[in-house]
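File shown: entry_6.txt. Contents: compact mmCIF, C-alpha atoms.
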# COMPACT_ATOMS: atom_id res chain seq x y z
CA THR A 1 -62.76 -22.97 186.67
CA PRO A 2 -59.19 -24.31 186.81
CA VAL A 3 -57.75 -20.78 187.00
CA ALA A 4 -59.12 -17.66 188.64
CA VAL A 5 -59.01 -14.70 186.26
CA GLU A 6 -56.80 -12.71 188.64
CA GLN A 7 -54.15 -15.50 188.38
CA ILE A 8 -53.68 -14.87 184.65
CA LYS A 9 -50.42 -13.01 184.03
CA GLY A 10 -51.13 -11.86 180.48
CA ASP A 11 -52.92 -8.50 180.62
CA PHE A 12 -54.82 -8.93 177.37
CA LEU A 13 -56.27 -12.34 178.29
CA ARG A 14 -56.93 -11.39 181.91
CA SER A 15 -58.85 -8.25 180.94
CA ARG A 16 -60.98 -9.88 178.21
CA ILE A 17 -61.57 -13.57 178.94
CA HIS A 18 -64.65 -12.91 181.06
CA ASN A 19 -66.56 -11.77 177.92
CA ASN A 20 -65.15 -14.31 175.47
CA GLY A 21 -67.39 -16.88 173.82
CA CYS A 22 -70.59 -18.00 175.46
CA CYS A 23 -69.42 -18.22 179.03
CA GLY A 24 -66.09 -16.47 179.44
CA GLU A 25 -63.57 -18.11 181.75
CA ARG A 26 -66.32 -20.41 183.09
CA GLU A 27 -66.06 -22.37 179.80
CA LEU A 28 -62.65 -23.62 181.01
CA VAL A 29 -64.37 -25.79 183.63
CA LYS A 30 -64.56 -28.38 180.84
CA LEU A 31 -60.83 -28.95 181.32
CA GLU A 32 -61.65 -30.54 184.69
CA ALA A 33 -62.49 -33.70 182.71
CA TYR A 34 -58.71 -34.29 182.51
CA THR A 35 -58.65 -34.74 186.31
CA LEU A 36 -60.95 -37.79 186.27
CA THR A 37 -57.97 -40.16 186.36
CA ASP A 38 -59.92 -43.05 187.91
CA HIS A 39 -61.27 -43.62 184.40
CA PRO A 40 -59.23 -44.60 181.32
CA VAL A 41 -61.40 -42.50 178.98
CA VAL A 42 -63.75 -39.59 179.62
CA VAL A 43 -66.40 -38.21 177.31
CA HIS A 44 -67.22 -34.56 177.83
CA MET A 45 -70.53 -33.53 176.32
CA ASP A 46 -72.59 -30.39 176.74
CA LEU A 47 -76.11 -30.94 178.01
CA ASP A 48 -77.59 -30.28 174.57
CA THR A 49 -75.86 -33.36 173.11
CA MET A 50 -77.68 -36.56 172.26
CA VAL A 51 -75.83 -39.85 171.70
CA LEU A 52 -77.46 -41.88 168.94
CA LYS A 53 -74.86 -44.63 168.42
CA PRO A 54 -72.23 -46.32 170.58
CA LEU A 55 -68.82 -44.66 170.86
CA ASP A 56 -67.06 -47.98 171.55
CA SER A 57 -64.73 -47.78 168.54
CA LEU A 58 -63.31 -44.51 169.89
CA PHE A 59 -62.69 -46.07 173.28
CA ASP A 60 -61.14 -49.16 171.66
CA TRP A 61 -58.64 -47.03 169.74
CA MET A 62 -57.71 -45.04 172.84
CA LEU A 63 -57.26 -48.18 174.91
CA THR A 64 -55.32 -50.22 172.34
CA ASP A 65 -51.68 -50.90 173.17
CA THR A 66 -49.77 -49.24 170.36
CA SER A 67 -46.32 -49.73 171.90
CA LYS A 68 -45.50 -52.37 169.26
CA ASN A 69 -45.84 -49.72 166.51
CA THR A 70 -48.84 -51.54 165.11
CA PRO A 71 -51.27 -48.93 163.83
CA TYR A 72 -54.87 -49.21 164.93
CA ASP A 73 -57.33 -50.11 162.18
CA SER A 74 -59.43 -46.94 162.28
CA SER A 75 -61.55 -47.87 159.24
CA ASP A 76 -64.67 -48.18 161.41
CA ILE A 77 -64.21 -44.69 162.86
CA GLY A 78 -65.54 -41.73 160.95
CA LEU A 79 -62.49 -39.49 160.77
CA GLN A 80 -62.76 -36.05 159.23
CA TRP A 81 -59.62 -36.67 157.17
CA PRO A 82 -59.29 -40.47 156.86
CA ASP A 83 -56.36 -40.27 154.43
CA ALA A 84 -54.26 -38.10 156.74
CA GLU A 85 -51.64 -39.65 158.98
CA GLN A 86 -53.27 -40.72 162.23
CA PRO A 87 -51.70 -40.84 165.67
CA LYS A 88 -50.51 -44.18 166.99
CA LYS A 89 -51.74 -43.23 170.45
CA VAL A 90 -54.84 -41.05 170.61
CA ASN A 91 -55.21 -38.86 173.68
CA ALA A 92 -58.23 -36.93 172.42
CA PHE A 93 -60.98 -36.98 169.81
CA PHE A 94 -62.86 -33.84 168.87
CA THR A 95 -64.76 -32.16 166.07
CA ARG A 96 -64.07 -28.70 164.69
CA ASP A 97 -66.36 -25.76 164.18
CA TYR A 98 -65.49 -24.69 160.65
CA ASN A 99 -68.18 -22.00 160.60
CA MET A 100 -66.24 -19.80 163.02
CA VAL A 101 -63.29 -19.06 160.71
CA PRO A 102 -62.58 -18.53 157.02
CA PRO A 103 -61.64 -21.71 155.14
CA THR A 104 -58.11 -20.40 154.57
CA ARG A 105 -57.36 -20.20 158.30
CA GLN A 106 -54.61 -22.67 159.24
CA TYR A 107 -55.83 -23.41 162.77
CA LYS A 108 -59.51 -24.14 163.27
CA PRO A 109 -61.47 -24.02 166.53
CA VAL A 110 -62.89 -27.13 168.14
CA GLN A 111 -66.57 -27.50 168.77
CA GLY A 112 -66.61 -27.15 172.53
CA GLY A 113 -69.58 -29.39 173.30
CA PHE A 114 -67.88 -32.74 172.64
CA LEU A 115 -64.47 -34.08 173.58
CA VAL A 116 -63.34 -37.65 174.18
CA LEU A 117 -60.11 -37.61 176.16
CA ARG A 118 -57.58 -39.61 178.12
CA PRO A 119 -57.53 -38.15 181.65
CA ASP A 120 -54.07 -37.07 182.74
CA MET A 121 -53.04 -34.72 185.52
CA LYS A 122 -49.88 -33.70 183.64
CA VAL A 123 -52.01 -32.56 180.71
CA TYR A 124 -54.42 -30.78 183.05
CA ASN A 125 -51.55 -29.01 184.80
CA GLU A 126 -50.10 -27.96 181.46
CA PHE A 127 -53.45 -26.42 180.52
CA VAL A 128 -53.49 -24.58 183.86
CA ASP A 129 -49.95 -23.30 183.27
CA ILE A 130 -50.85 -22.11 179.75
CA ILE A 131 -53.85 -20.22 181.06
CA LYS A 132 -51.95 -18.71 183.99
CA LYS A 133 -49.17 -17.55 181.67
CA GLY A 134 -51.87 -15.90 179.57
CA ASP A 135 -49.97 -15.77 176.27
CA PHE A 136 -53.04 -14.90 174.22
CA GLN A 137 -52.07 -12.08 171.89
CA GLU A 138 -54.45 -9.51 170.46
CA GLY A 139 -55.36 -10.39 166.89
CA LYS A 140 -53.16 -13.52 166.98
CA GLY A 141 -54.52 -15.88 169.64
CA TRP A 142 -52.76 -18.42 171.86
CA GLY A 143 -49.00 -18.26 171.54
CA GLY A 144 -49.43 -15.56 168.93
CA ILE A 145 -50.33 -18.14 166.26
CA GLY A 146 -53.63 -19.86 167.09
CA GLY A 147 -55.90 -17.17 165.67
CA VAL A 148 -58.89 -15.30 167.03
CA PHE A 149 -62.50 -16.47 166.77
CA TYR A 150 -65.58 -16.84 168.96
CA GLY A 151 -64.45 -18.57 172.15
CA SER A 152 -60.79 -18.55 171.15
CA MET A 153 -59.63 -17.53 174.63
CA THR A 154 -61.46 -20.44 176.20
CA PHE A 155 -62.11 -24.10 175.42
CA GLN A 156 -62.69 -23.72 171.67
CA GLY A 157 -59.26 -22.12 171.29
CA ILE A 158 -57.06 -23.72 173.91
CA ILE A 159 -57.83 -27.30 172.80
CA PRO A 160 -56.58 -26.78 169.21
CA TYR A 161 -53.63 -24.76 170.53
CA PHE A 162 -52.68 -27.71 172.74
CA TYR A 163 -53.21 -30.51 170.21
CA ASP A 164 -52.40 -28.77 166.91
CA ILE A 165 -49.50 -26.56 167.95
CA LEU A 166 -47.96 -27.75 171.22
CA HIS A 167 -48.61 -31.52 170.93
CA PRO A 168 -49.37 -32.47 167.33
CA GLY A 169 -49.97 -36.15 166.63
CA GLN A 170 -51.83 -36.86 169.88
CA ALA A 171 -55.42 -36.22 168.78
CA ALA A 172 -57.72 -37.18 165.94
CA GLU A 173 -60.43 -35.07 164.37
CA LEU A 174 -63.73 -36.86 163.98
CA ASN A 175 -66.09 -36.39 161.06
CA ARG A 176 -68.43 -33.63 162.15
CA CYS A 177 -71.30 -35.12 160.15
CA MET A 178 -71.10 -38.37 162.11
CA TYR A 179 -70.05 -37.14 165.56
CA ASN A 180 -71.34 -34.01 167.23
CA GLN A 181 -73.22 -32.97 164.11
CA MET A 182 -74.41 -29.39 164.15
CA ALA A 183 -76.36 -27.63 161.44
CA ASP A 184 -73.99 -25.49 159.40
CA ASN A 185 -74.72 -21.86 158.66
For the structure just supplied, provide its representation as structure tokens.
Amino acid sequence: TPVAVEQIKGDFLRSRIHNNGCCGERELVKLEAYTLTDHPVVVHMDLDTMVLKPLDSLFDWMLTDTSKNTPYDSSDIGLQWPDAEQPKKVNAFFTRDYNMVPPTRQYKPVQGGFLVLRPDMKVYNEFVDIIKKGDFQEGKGWGGIGGVFYGSMTFQGIIPYFYDILHPGQAAELNRCMYNQMADN
């Protein structure tokens, strides 16, 4: 994993992360995908994922030069909220796991088995710093605002904390019926 448990400064996180979610702190190994900087885009998928259609439109959006303030035509991408404002530059695509929290919850977990990302060592190092700081508060989550749910101390919680709270406007949520579809409860 990117951080050994004993390196985590926050007592609450350090003492409980090993039993959180499916795999405890080992789930954070997924963040290593950000270190694959020889590639412009990386797709992280759990082994129980099956790709049925090309993901080219996601890659195209991530690789499009948006420096001229020309928005990307995302009409061919199945976004969860197509009418919402979309980022000009996408650094990550993910789906959410709405079954893990009540519908009224402001911040929702990501589904940890699928993430399309732009590798970046600065982003990776920021994740490492967040984990080492260990600001996961009992009953409140990352930064005291992300919320608590299954896997919230690990990948499912730190990704939305990063993209929804710390760096909004850098990621897009994909339609969970078209990408990374899982049977709902």
Worksheet entry | Nearest-residue call for Leu115 of chain A, choices A:Tyr179, A:Tyr150, A:Phe162, A:Trp81, using all atoms listed in the file | A:Tyr179
Worksheet item: Hey, which of A:Gly134, A:Ala33, A:Glu85, A:Ser152 ends up closest to Asn19 of chain A? Count only C-alpha atoms.
Response: A:Ser152
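Distance-wise, atom CA of Trp142 of chain A and atom CA of Pro87 of chain A end up 23.3 Å apart.
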Worksheet item: Nearest to Arg105 of chain A among A:Ile159, A:Met62, A:Val148, A:Cys23, with distances taken over all atoms listed in the file: which residue is it?
Response: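 Among the listed residues, A:Val148 lies closest to Arg105 of chain A.
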Item to complete: Go through A:Met153, A:Val43, A:Met100, A:Ala92 one by one, measure the shortest atom-to-atom distance of each to Ser15 of chain A using only C-alpha atoms, and give the residue with the smallest value.
Response: A:Met153
Worksheet item: What does the distance from atom CA of Glu126 of chain A to atom CA of Leu28 of chain A come to in Å, to one decimal?
Response: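 Straight-line distance from atom CA of Glu126 of chain A to atom CA of Leu28 of chain A works out to 13.3 Å.
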Worksheet item: Pick the closest to Gly147 of chain A from A:Arg16, A:Lys108, A:Lys122, A:Lys89: which is it, counting all atoms listed in the file?
Response: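 Nearest candidate to Gly147 of chain A out of A:Arg16, A:Lys108, A:Lys122, A:Lys89: A:Lys108.
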Worksheet item: Using only C-alpha atoms, which of A:Leu55, A:Ile158, A:Cys22, A:Leu36 sits nearest Asp135 of chain A?
Response: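 For Asp135 of chain A, the nearest of the candidates is A:Ile158.
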Put a box with edges along x, y and z around all the listed atoms of segment 165-176 of chain A, pad it by 6 Å on each side, then give me its centre and sizes in Å, one decimal, as JSON.
{"center_x": -58.2, "center_y": -31.9, "center_z": 166.1, "size_x": 32.5, "size_y": 22.6, "size_z": 22.2}
Polymer residues at most 12 Å from Asp73 of chain A, only C-alpha atoms, same-chain spacing of 5 or more positions, as a PDB file with C-alpha atoms, in the frame of the given file:
ATOM      1  CA  SER A  57     -64.730 -47.780 168.540  1.00  0.00           C
ATOM      2  CA  LEU A  58     -63.310 -44.510 169.890  1.00  0.00           C
ATOM      3  CA  ASP A  60     -61.140 -49.160 171.660  1.00  0.00           C
ATOM      4  CA  TRP A  61     -58.640 -47.030 169.740  1.00  0.00           C
ATOM      5  CA  MET A  62     -57.710 -45.040 172.840  1.00  0.00           C
ATOM      6  CA  THR A  64     -55.320 -50.220 172.340  1.00  0.00           C
ATOM      7  CA  THR A  66     -49.770 -49.240 170.360  1.00  0.00           C
ATOM      8  CA  GLY A  78     -65.540 -41.730 160.950  1.00  0.00           C
ATOM      9  CA  LEU A  79     -62.490 -39.490 160.770  1.00  0.00           C
ATOM     10  CA  PRO A  82     -59.290 -40.470 156.860  1.00  0.00           C
ATOM     11  CA  GLN A  86     -53.270 -40.720 162.230  1.00  0.00           C
ATOM     12  CA  PRO A  87     -51.700 -40.840 165.670  1.00  0.00           C
ATOM     13  CA  LYS A  88     -50.510 -44.180 166.990  1.00  0.00           C
TER      14      LYS A  88
END
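Excluding Lys30 of chain A and any residue on its chain fewer than 4 positions from it, the residues at most 10 Å away by only C-alpha atoms are A:Thr1, A:Pro2, A:Arg26, A:Tyr34, A:His44, A:Met45, A:Asp46, A:Gly112, A:Gly113, A:Phe114, A:Leu115, A:Thr154, A:Phe155.
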File of the preceding selection, C-alpha atoms, as a short mmCIF file (atom, residue, chain, number, x, y, z; two decimals), keeping the file's coordinate frame:
data_model
loop_
_atom_site.label_atom_id
_atom_site.label_comp_id
_atom_site.auth_asym_id
_atom_site.auth_seq_id
_atom_site.Cartn_x
_atom_site.Cartn_y
_atom_site.Cartn_z
CA THR A 1 -62.76 -22.97 186.67
CA PRO A 2 -59.19 -24.31 186.81
CA ARG A 26 -66.32 -20.41 183.09
CA TYR A 34 -58.71 -34.29 182.51
CA HIS A 44 -67.22 -34.56 177.83
CA MET A 45 -70.53 -33.53 176.32
CA ASP A 46 -72.59 -30.39 176.74
CA GLY A 112 -66.61 -27.15 172.53
CA GLY A 113 -69.58 -29.39 173.30
CA PHE A 114 -67.88 -32.74 172.64
CA LEU A 115 -64.47 -34.08 173.58
CA THR A 154 -61.46 -20.44 176.20
CA PHE A 155 -62.11 -24.10 175.42
#
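The spacing separating atom CA of Met182 of chain A from atom CA of Asp97 of chain A amounts to 8.8 Å.
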Would you mind completing segment 24-36 of chain A to N, CA and C atoms and writing the output as a CSV table (one decimal), keeping the file's coordinate frame?
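Ended up saving to rebuild-v9.csv:
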chain,number,residue,atom,x,y,z
A,24,GLY,N,-67.3,-17.0,178.9
A,24,GLY,CA,-66.1,-16.5,179.4
A,24,GLY,C,-65.2,-17.5,180.1
A,25,GLU,N,-64.5,-17.2,181.1
A,25,GLU,CA,-63.6,-18.1,181.8
A,25,GLU,C,-64.3,-19.3,182.3
A,26,ARG,N,-65.6,-19.3,182.6
A,26,ARG,CA,-66.3,-20.4,183.1
A,26,ARG,C,-66.3,-21.6,182.1
A,27,GLU,N,-66.1,-21.3,180.8
A,27,GLU,CA,-66.1,-22.4,179.8
A,27,GLU,C,-64.9,-23.3,180.0
A,28,LEU,N,-63.8,-22.8,180.7
A,28,LEU,CA,-62.6,-23.6,181.0
A,28,LEU,C,-62.9,-24.7,182.0
A,29,VAL,N,-64.1,-24.7,182.7
A,29,VAL,CA,-64.4,-25.8,183.6
A,29,VAL,C,-64.4,-27.1,182.9
A,30,LYS,N,-64.6,-27.1,181.6
A,30,LYS,CA,-64.6,-28.4,180.8
A,30,LYS,C,-63.2,-29.1,180.9
A,31,LEU,N,-62.2,-28.3,181.2
A,31,LEU,CA,-60.8,-29.0,181.3
A,31,LEU,C,-60.7,-29.9,182.5
A,32,GLU,N,-61.6,-29.7,183.5
A,32,GLU,CA,-61.6,-30.5,184.7
A,32,GLU,C,-61.8,-32.0,184.3
A,33,ALA,N,-62.3,-32.3,183.1
A,33,ALA,CA,-62.5,-33.7,182.7
A,33,ALA,C,-61.1,-34.4,182.7
A,34,TYR,N,-60.1,-33.7,182.5
A,34,TYR,CA,-58.7,-34.3,182.5
A,34,TYR,C,-58.3,-34.8,183.9
A,35,THR,N,-59.0,-34.3,184.9
A,35,THR,CA,-58.6,-34.7,186.3
A,35,THR,C,-59.3,-36.0,186.7
A,36,LEU,N,-60.2,-36.6,185.9
A,36,LEU,CA,-61.0,-37.8,186.3
A,36,LEU,C,-60.1,-39.0,186.0
